[in-house]
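K.L.:
Contents are mmCIF, C-alpha atoms; file name entry.cif:
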data_final
loop_
_atom_site.label_atom_id
_atom_site.label_comp_id
_atom_site.auth_asym_id
_atom_site.auth_seq_id
_atom_site.Cartn_x
_atom_site.Cartn_y
_atom_site.Cartn_z
CA MET A 586 17.45 -51.15 -3.66
CA ALA A 587 19.00 -51.37 -0.21
CA GLY A 588 20.25 -48.87 2.37
CA ALA A 589 23.60 -49.34 4.10
CA ASN A 590 24.50 -48.71 7.75
CA SER A 591 27.69 -46.70 8.17
CA ALA A 592 28.03 -47.85 11.79
CA GLU A 593 27.97 -51.50 10.74
CA PRO A 594 29.45 -51.71 7.23
CA GLY A 595 27.76 -54.28 5.06
CA LYS A 596 24.62 -54.58 7.16
CA ILE A 597 21.34 -53.95 5.33
CA ILE A 598 19.14 -51.49 7.21
CA TRP A 599 16.25 -51.34 4.73
CA ARG A 600 15.08 -52.63 1.34
CA PHE A 601 12.97 -50.77 -1.19
CA GLY A 602 10.99 -52.81 -3.72
CA GLY A 603 11.00 -56.52 -4.38
CA LYS A 604 9.71 -59.35 -2.21
CA HIS A 605 11.30 -57.99 0.97
CA ASN A 606 10.24 -54.36 0.67
CA ASP A 607 10.39 -52.36 3.94
CA PHE A 608 8.43 -49.29 2.80
CA THR A 609 4.74 -48.47 2.61
CA TYR A 610 3.70 -46.85 -0.66
CA LEU A 611 1.84 -43.56 -0.17
CA SER A 612 0.96 -43.16 -3.87
CA ASP A 613 -0.06 -45.52 -6.67
CA PHE A 614 3.16 -46.44 -8.44
CA LYS A 615 5.37 -49.45 -8.96
CA PHE A 616 8.55 -50.38 -10.76
CA SER A 617 10.18 -53.52 -12.09
CA ARG A 618 13.42 -54.61 -13.76
CA GLN A 619 14.74 -51.14 -12.98
CA HIS A 620 18.16 -49.70 -13.89
CA HIS A 621 20.38 -46.80 -12.89
CA ALA A 622 19.11 -46.17 -9.33
CA ARG A 623 20.83 -43.13 -7.81
CA VAL A 624 20.60 -41.25 -4.51
CA LEU A 625 19.89 -37.58 -5.23
CA SER A 626 19.91 -36.32 -1.64
CA SER A 627 19.75 -37.62 1.91
CA ASP A 628 19.69 -35.98 5.34
CA GLY A 629 19.47 -39.13 7.44
CA GLU A 630 15.68 -39.02 7.66
CA THR A 631 14.55 -38.40 4.09
CA THR A 632 16.22 -39.78 0.99
CA LYS A 633 15.34 -38.83 -2.57
CA ILE A 634 16.25 -41.32 -5.29
CA SER A 635 15.91 -41.58 -9.05
CA LEU A 636 15.71 -44.69 -11.21
CA PHE A 637 14.80 -45.91 -14.66
CA ASN A 638 11.73 -48.12 -14.41
CA ASN A 639 11.77 -50.62 -17.27
CA GLY A 640 8.24 -51.65 -16.28
CA PHE A 641 8.46 -54.86 -18.27
CA GLU A 642 6.29 -57.65 -16.90
CA VAL A 643 5.66 -61.18 -18.14
CA ARG A 644 2.88 -63.57 -17.15
CA ASN A 645 2.74 -67.13 -18.44
CA SER A 646 5.67 -66.29 -20.75
CA VAL A 647 3.66 -63.47 -22.39
CA ALA A 648 4.61 -59.79 -22.06
CA LEU A 649 1.79 -57.70 -20.62
CA GLU A 650 0.33 -54.95 -22.81
CA GLY A 651 -0.52 -51.36 -21.91
CA LEU A 652 2.73 -50.77 -20.04
CA SER A 653 5.45 -48.18 -20.46
CA SER A 654 8.93 -47.63 -19.15
CA SER A 655 9.38 -44.43 -17.13
CA GLY A 656 11.80 -42.30 -15.18
CA LEU A 657 10.94 -42.01 -11.49
CA ILE A 658 11.97 -39.72 -8.65
CA ILE A 659 10.88 -41.13 -5.29
CA THR A 660 11.00 -39.71 -1.77
CA LEU A 661 11.79 -42.21 0.99
CA ASP A 662 10.91 -41.30 4.58
CA GLU A 663 13.30 -43.44 6.60
CA GLU A 664 11.73 -42.40 9.90
CA HIS A 665 8.19 -43.51 9.03
CA MET A 666 9.31 -46.00 6.34
CA THR A 667 7.10 -44.61 3.59
CA ALA A 668 7.72 -44.12 -0.13
CA ASP A 669 6.06 -41.38 -2.18
CA LEU A 670 6.26 -40.64 -5.90
CA PHE A 671 7.77 -37.21 -6.51
CA GLN A 672 8.00 -37.25 -10.35
CA GLN A 673 7.22 -39.70 -13.15
CA HIS A 674 8.03 -39.26 -16.85
CA THR A 675 6.80 -41.83 -19.38
CA HIS A 676 7.85 -42.30 -22.97
CA PRO A 677 6.27 -39.57 -25.20
CA ASP A 678 4.80 -42.16 -27.61
CA HIS A 679 3.01 -43.94 -24.77
CA ALA A 680 1.84 -40.70 -23.20
CA SER A 681 0.27 -39.66 -26.53
CA GLY A 682 -1.47 -43.02 -26.88
CA TRP A 683 0.44 -43.85 -30.06
CA ARG A 684 2.07 -47.06 -28.87
CA ASP A 685 3.21 -48.96 -25.83
CA SER A 686 6.82 -48.16 -25.04
CA VAL A 687 8.44 -50.74 -22.83
CA ALA A 688 12.18 -51.40 -22.70
CA PRO A 689 12.74 -55.02 -21.59
CA ALA A 690 16.35 -54.19 -20.75
CA GLU A 691 18.87 -51.40 -20.20
CA GLY A 692 18.10 -47.69 -19.74
CA SER A 693 18.98 -44.66 -17.62
CA PHE A 694 17.35 -41.65 -16.00
CA GLN A 695 19.48 -38.62 -15.15
CA VAL A 696 18.55 -35.60 -12.99
CA LEU A 697 20.40 -32.40 -13.91
CA ALA A 698 21.08 -29.44 -11.62
CA SER A 699 18.51 -27.44 -13.63
CA GLY A 700 15.82 -29.96 -12.75
CA ASN A 701 15.66 -31.30 -16.31
CA THR A 702 15.71 -35.08 -16.67
CA PRO A 703 17.22 -36.83 -19.71
CA ALA A 704 15.92 -40.39 -20.09
CA HIS A 705 17.40 -43.10 -22.26
CA TRP A 706 14.78 -45.71 -23.04
CA GLY A 707 17.12 -48.68 -23.01
CA SER A 708 16.59 -51.24 -25.73
CA LEU A 709 13.95 -49.17 -27.58
CA PRO A 710 16.34 -47.06 -28.19
CA ASP A 711 15.15 -43.44 -27.80
CA ILE A 712 16.39 -40.43 -25.84
CA THR A 713 14.12 -37.81 -24.26
CA GLU A 714 14.84 -34.77 -22.12
CA PHE A 715 12.03 -33.53 -19.86
CA SER A 716 11.74 -30.25 -18.02
CA GLY A 717 11.03 -30.30 -14.29
CA SER A 718 7.33 -29.93 -15.08
CA GLY A 719 7.34 -32.85 -17.52
CA GLU A 720 7.46 -30.94 -20.81
CA VAL A 721 9.34 -32.76 -23.59
CA LEU A 722 12.31 -30.56 -24.51
CA PHE A 723 14.14 -33.00 -26.76
CA HIS A 724 13.36 -36.39 -28.29
CA ALA A 725 15.43 -38.48 -30.69
CA SER A 726 15.79 -42.05 -31.93
CA ILE A 727 19.09 -43.81 -32.44
CA ALA A 728 19.73 -45.11 -35.99
CA ASN A 729 16.00 -45.34 -36.76
CA HIS A 730 15.68 -48.00 -34.05
CA GLN A 731 18.23 -50.19 -35.83
CA GLY A 732 20.94 -49.67 -33.21
CA ARG A 733 21.20 -50.04 -29.45
CA SER A 734 22.76 -48.10 -26.61
CA TYR A 735 22.83 -49.05 -22.94
CA ARG A 736 22.60 -45.56 -21.43
CA ALA A 737 22.77 -41.90 -22.43
CA PHE A 738 23.81 -38.84 -20.42
CA LYS A 739 23.83 -35.11 -20.96
CA SER A 740 26.80 -32.97 -19.85
CA GLU A 741 28.74 -29.84 -20.70
CA TRP A 742 30.89 -30.34 -23.79
CA HIS A 743 33.87 -28.23 -24.84
CA ALA A 744 35.76 -29.10 -28.01
CA LEU A 745 38.19 -27.59 -30.50
CA PRO A 746 38.56 -30.08 -33.41
CA TYR A 747 41.89 -30.68 -35.12
CA TRP A 748 40.19 -29.98 -38.46
CA GLY A 749 39.57 -26.38 -39.38
CA PRO A 750 36.47 -24.36 -40.33
CA LYS A 751 34.70 -24.77 -43.66
CA LEU A 752 33.97 -21.80 -45.92
CA VAL A 753 32.15 -21.20 -49.20
CA ALA A 754 32.30 -17.68 -50.67
CA TYR A 755 29.68 -17.34 -53.38
CA THR A 756 28.01 -14.97 -55.81
CA ARG A 757 25.68 -15.95 -58.64
CA THR A 758 27.18 -13.52 -61.13
CA CYS A 759 30.45 -11.64 -61.51
CA HIS A 760 28.69 -8.33 -60.95
CA VAL A 761 27.67 -8.01 -57.30
CA ASP A 762 24.38 -6.20 -56.80
CA ALA A 763 22.18 -7.33 -53.90
CA LYS A 764 19.29 -5.16 -55.11
CA LYS A 765 19.24 -7.15 -58.37
CA GLY A 766 19.38 -10.52 -56.64
CA SER A 767 23.12 -11.08 -56.85
CA PRO A 768 24.60 -10.65 -53.37
CA PHE A 769 28.11 -11.69 -52.38
CA VAL A 770 27.80 -14.15 -49.46
CA ALA A 771 29.97 -16.38 -47.30
CA HIS A 772 28.71 -19.58 -45.66
CA VAL A 773 30.98 -20.63 -42.78
CA SER A 774 30.84 -23.41 -40.17
CA TRP A 775 33.09 -25.47 -37.91
CA ASN A 776 31.64 -28.86 -37.08
CA GLY A 777 32.39 -29.83 -33.48
CA ALA A 778 33.81 -26.48 -32.33
CA THR A 779 31.86 -25.42 -29.25
CA GLU A 780 33.63 -22.18 -28.34
CA VAL A 781 33.08 -20.13 -31.52
CA ALA A 782 31.21 -16.92 -30.68
CA SER A 783 31.75 -14.89 -33.86
CA TRP A 784 33.25 -14.94 -37.34
CA GLN A 785 35.60 -12.35 -38.78
CA LEU A 786 35.79 -12.08 -42.57
CA HIS A 787 38.74 -10.76 -44.63
CA THR A 788 39.12 -10.43 -48.40
CA SER A 789 42.03 -10.30 -50.85
CA ASP A 790 42.47 -9.82 -54.60
CA VAL A 791 46.12 -10.99 -54.56
CA SER A 792 46.54 -14.53 -53.20
CA ARG A 793 45.41 -17.07 -50.63
CA SER A 794 48.00 -15.67 -48.23
CA GLY A 795 46.79 -12.08 -48.50
CA PRO A 796 47.31 -9.23 -47.91
CA TRP A 797 43.88 -9.10 -46.24
CA THR A 798 41.27 -6.39 -45.86
CA LEU A 799 38.78 -6.65 -42.98
CA ALA A 800 35.25 -7.06 -44.36
CA GLY A 801 33.40 -7.38 -41.04
CA THR A 802 32.68 -9.38 -37.89
CA VAL A 803 29.36 -11.10 -37.18
CA ALA A 804 28.01 -13.25 -34.34
CA LYS A 805 27.85 -16.99 -34.92
CA ASP A 806 24.33 -18.01 -35.94
CA GLY A 807 23.66 -21.70 -35.45
CA PHE A 808 25.64 -24.46 -37.10
CA GLU A 809 26.24 -22.52 -40.31
CA THR A 810 26.49 -18.73 -40.38
CA THR A 811 25.63 -16.92 -43.61
CA ILE A 812 27.23 -13.50 -44.05
CA GLU A 813 26.51 -11.00 -46.81
CA LEU A 814 29.73 -9.29 -47.80
CA SER A 815 28.26 -6.04 -49.08
CA ASP A 816 31.48 -4.11 -48.45
CA ALA A 817 33.87 -6.74 -49.80
CA THR A 818 33.76 -5.85 -53.49
CA THR A 819 36.14 -3.97 -55.75
CA SER A 820 35.30 -0.27 -55.61
CA GLN A 821 35.70 0.27 -59.38
CA SER A 822 34.05 -2.78 -60.95
CA ASN A 823 31.79 -3.98 -58.10
CA MET A 824 33.27 -7.45 -58.55
CA PRO A 825 33.53 -9.95 -55.70
CA ALA A 826 36.88 -10.36 -53.99
CA ILE A 827 38.83 -13.31 -55.35
CA PHE A 828 39.73 -14.80 -51.96
CA VAL A 829 37.88 -14.77 -48.63
CA ARG A 830 39.32 -15.67 -45.22
CA ALA A 831 37.10 -16.63 -42.27
CA VAL A 832 38.50 -16.42 -38.72
CA ALA A 833 36.72 -18.09 -35.78
CA LEU A 834 36.77 -16.03 -32.56
CA ASP A 835 35.77 -17.03 -29.04
CA ALA A 836 33.78 -14.87 -26.62
CA GLN A 837 36.95 -12.96 -25.66
CA GLY A 838 37.90 -12.28 -29.29
CA VAL A 839 40.75 -14.81 -29.32
CA GLU A 840 41.38 -16.47 -32.69
CA LEU A 841 40.58 -20.20 -32.63
CA GLY A 842 41.13 -21.12 -36.27
CA ALA A 843 40.88 -19.83 -39.82
CA THR A 844 40.25 -20.96 -43.38
CA VAL A 845 40.59 -19.47 -46.87
CA ALA A 846 38.44 -20.10 -49.95
CA ALA A 847 38.31 -18.81 -53.51
CA THR A 848 35.05 -17.14 -54.47
CA VAL A 849 32.74 -19.47 -56.39
CA VAL A 850 30.74 -18.25 -59.39
CA PRO A 851 28.65 -20.96 -61.11
CA GLY A 852 29.43 -21.73 -64.74
CA SER A 853 26.88 -21.94 -67.54
CA GLN A 854 26.09 -25.64 -66.92
CA MET A 855 25.66 -25.09 -63.21
CA ILE A 856 23.87 -21.76 -62.87
CA GLY A 857 20.44 -23.30 -63.46
CA HIS A 858 20.82 -25.15 -60.13
CA CYS A 859 21.79 -22.04 -58.17
CA ASP A 860 19.94 -19.17 -56.53
CA PRO A 861 21.33 -15.90 -55.10
CA MET A 862 22.48 -17.63 -51.89
CA GLY A 863 23.98 -20.87 -53.20
CA CYS A 864 23.57 -24.04 -55.29
CA ASP A 865 21.63 -27.27 -54.85
CA ASP A 866 23.32 -30.05 -52.91
CA SER A 867 23.16 -32.20 -56.05
CA VAL A 868 25.72 -30.00 -57.77
CA THR A 869 27.86 -29.10 -54.77
CA ALA A 870 30.52 -31.54 -55.95
CA GLU A 871 30.96 -29.43 -59.08
CA LEU A 872 31.94 -26.31 -57.15
CA ASP A 873 35.64 -26.98 -57.59
CA SER A 874 35.29 -26.63 -61.35
CA ALA A 875 33.06 -23.55 -61.22
CA ALA A 876 34.23 -20.37 -62.93
CA ILE A 877 36.05 -17.65 -61.00
CA CYS A 878 35.54 -14.01 -61.97
CA PHE A 879 38.64 -13.02 -63.96
CA VAL A 880 36.75 -10.79 -66.39
CA SER A 881 37.45 -7.28 -65.16
CA SER A 882 40.11 -5.10 -66.77
CA ARG A 883 42.64 -5.84 -64.05
CA HIS A 884 42.27 -9.59 -64.63
CA ALA A 885 41.81 -9.40 -68.40
CA THR A 886 45.36 -8.05 -68.75
CA VAL A 887 46.72 -11.00 -66.79
CA SER A 888 44.59 -13.48 -68.74
CA SER A 889 45.71 -12.03 -72.08
CA ALA A 890 49.36 -12.16 -71.07
CA ARG A 891 48.97 -15.80 -70.08
CA GLN A 892 47.23 -16.59 -73.37
CA TYR A 893 50.08 -15.20 -75.52
CA MET A 894 52.93 -16.15 -73.19
CA PRO A 895 54.14 -19.19 -75.26
CA SER A 896 54.41 -17.12 -78.44
CA ILE A 897 56.24 -14.33 -76.63
CA MET A 898 58.73 -16.82 -75.16
CA ILE A 899 59.46 -18.32 -78.62
CA ILE A 900 60.13 -14.87 -80.14
CA ILE A 901 62.50 -13.96 -77.31
CA LEU A 902 64.34 -17.26 -77.71
CA VAL A 903 64.82 -16.74 -81.49
CA VAL A 904 66.18 -13.22 -80.96
CA LEU A 905 68.67 -14.47 -78.37
CA LEU A 906 69.87 -17.26 -80.65
CA LEU A 907 70.38 -14.85 -83.55
CA ARG A 908 72.44 -12.52 -81.39
CA PHE A 909 74.55 -15.43 -80.21
CA PHE A 910 75.35 -16.70 -83.70
CA LEU A 911 76.04 -13.25 -85.09
CA ARG A 912 78.56 -12.58 -82.36
CA SER A 913 80.28 -15.96 -82.55
CA SER A 914 83.91 -16.14 -83.92
CA TYR A 915 82.89 -18.45 -86.80
CA PHE A 916 80.42 -15.99 -88.27
CA THR A 917 82.82 -13.08 -87.64
CA ALA A 918 85.69 -14.82 -89.53
CA LEU A 919 83.38 -15.81 -92.38
CA TRP A 920 82.21 -12.24 -92.73
CA ARG A 921 85.85 -10.97 -92.88
CA VAL A 922 86.84 -13.53 -95.58
CA ARG A 923 83.92 -12.52 -97.72
CA ALA A 924 84.78 -8.84 -97.20
CA ARG A 925 88.40 -9.35 -98.41
CA ALA A 926 87.27 -11.42 -101.37
CA GLY A 927 84.99 -8.60 -102.32
#
What do you get writing this file as structure tokens?
P.N.:
Amino acid sequence: MAGANSAEPGKIIWRFGGKHNDFTYLSDFKFSRQHHARVLSSDGETTKISLFNNGFEVRNSVALEGLSSSGLIITLDEEHMTADLFQQHTHPDHASGWRDSVAPAEGSFQVLASGNTPAHWGSLPDITEFSGSGEVLFHASIANHQGRSYRAFKSEWHALPYWGPKLVAYTRTCHVDAKKGSPFVAHVSWNGATEVASWQLHTSDVSRSGPWTLAGTVAKDGFETTIELSDATTSQSNMPAIFVRAVALDAQGVELGATVAATVVPGSQMIGHCDPMGCDDSVTAELDSAAICFVSSRHATVSSARQYMPSIMIIILVVLLLRFFLRSSYFTALWRVRARAG
């Protein structure tokens, strides 16, 4: 790494590391094949830098053992030309003694305003975030070490996906009774939406377009929020509402998106895979064919009418045809001829 002179653009005023190093090391550290060197601060006398130290060394065409890549923060005293190690974070696996963790290539080391330091371990490829004191806050591997990524960075992310929220309204039986292990619940999520602060639930017994009755508002709880709709049942039969609508709200209460779902009640072949809060993932695909509660008196009337509707339509059609023929001129004339003959 080299320092530049603003008075004489292009002139090298110092070098740090390598064969032509200008600094005296005050602490026992070294780096090699480094990446992503960045100046964190400088006041003309003292410069603080960060870099990803690959730490990969080869002798006689053989990689040395016992090494580890690391993220370094170094203080350079440009007045006395000294270099001192301020922070060093090594790969968690190496620090625990589990394995050597050296990235022959690639990598990055980022310093956040909070003092946390995300490190991407180059060609390993792992990602770790450290606190300012060196505690591991986050650690992950990319594609089970089958993939590669050059660098990784952490930043603020705000997104409102073009796809809407997902909702499953569920009860294990048609008679809602939480005390007997049959609550009426809604599971709602919106993958990728970062601004959701709460969920508002509405219910309807008419159609997917409402009219809607407010069932409650709850704070978002992680990726998927589970809400028990204890007040969203029919007052007479204690049945679950037929349709549920979930509305995503931001911190100011502004609506971001909404979705509607029909209440799912598992059928006889499915109920063995379900508990009071939902069904196994193995049978999730069968939810679309699960039974809906149409068994109360208000729905039984509709179901019965639908069952006998074809027969009713045939009877009406026969009556209309008889009236037509009886009133036609042909049948009227025939009736008069027979009356005179009589």
K.L.:
For the file shown, what are the residues hit by the PyMOL selection byres ((chain A and resi 793-799) around 10), laid out as a VMD selection string?
P.N.:
chain A and resid 785 to 792 800 to 802 816 to 817 827 to 830 844 to 847
K.L.:
Step by step, work through what the PyMOL selection byres ((chain A and resi 730) around 9) selects in the shown file, and finish by giving those residues as a list in words.
P.N.:
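Evaluating the PyMOL selection byres ((chain A and resi 730) around 9) on this file yields Ser708, Leu709, Pro710, Asp711, Ser726, Ile727, Ala728, Asn729, Gln731, Gly732 and Arg733 of chain A.
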K.L.:
Just so the selection is clear, what residues does the PyMOL selection byres ((chain A and resi 743) around 6) cover here, as an mmCIF file with C-alpha atoms, in the frame of the given file?
P.N.:
data_model
loop_
_atom_site.group_PDB
_atom_site.id
_atom_site.type_symbol
_atom_site.label_atom_id
_atom_site.label_comp_id
_atom_site.auth_asym_id
_atom_site.auth_seq_id
_atom_site.Cartn_x
_atom_site.Cartn_y
_atom_site.Cartn_z
ATOM 1 C CA TRP A 742 30.890 -30.340 -23.790
ATOM 2 C CA ALA A 744 35.760 -29.100 -28.010
ATOM 3 C CA THR A 779 31.860 -25.420 -29.250
#
K.L.:
Hey, which of A:Ser734, A:Ser686, A:Asn776, A:Thr609 ends up closest to A:Pro746? Count only C-alpha atoms.
P.N.:
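Of all the options, A:Asn776 lies closest to A:Pro746.
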K.L.:
Do you know which residues are at most 6 Å from A:Lys805 counting all atoms listed in the file, after dropping those on the same chain fewer than 2 positions away, and could you put them as a list in words?
P.N.:
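My list of contacting residues is Ala782, Ser783 and Thr810 of chain A.
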K.L.:
Of the residues A:Thr667, A:Leu834, A:Val773, A:Pro768, which is the one nearest to A:Arg600, using only C-alpha atoms?
P.N.:
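The closest residue to A:Arg600 is A:Thr667.
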K.L.:
Counting all atoms listed in the file, which residue out of A:Ile658, A:Trp706, A:Val770, A:Glu840 sits closest to A:Leu745?
P.N.:
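Closest to A:Leu745 of all the choices is A:Glu840.
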K.L.:
If we count all atoms listed in the file and set the cut-off at 7 Å, which residues sit around stretch 634-638 of chain A, ignoring sequence neighbours fewer than 5 positions away in its own chain? Please answer as a list in words.
P.N.:
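Once the nearby chain positions are removed, what remains is Phe616, Ser617, Arg618, Gln619, His620, His621, Ala622, Arg623, Val624, Leu625, Ser654, Ser655, Gly656, Leu657, Ile658, Ile659, Thr660, Gly692, Ser693 and Phe694 of chain A.
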K.L.:
So, counting only C-alpha atoms, which residue among A:Val721, A:Val839, A:Leu652, A:Met666 is closest to A:Thr631?
P.N.:
A:Met666
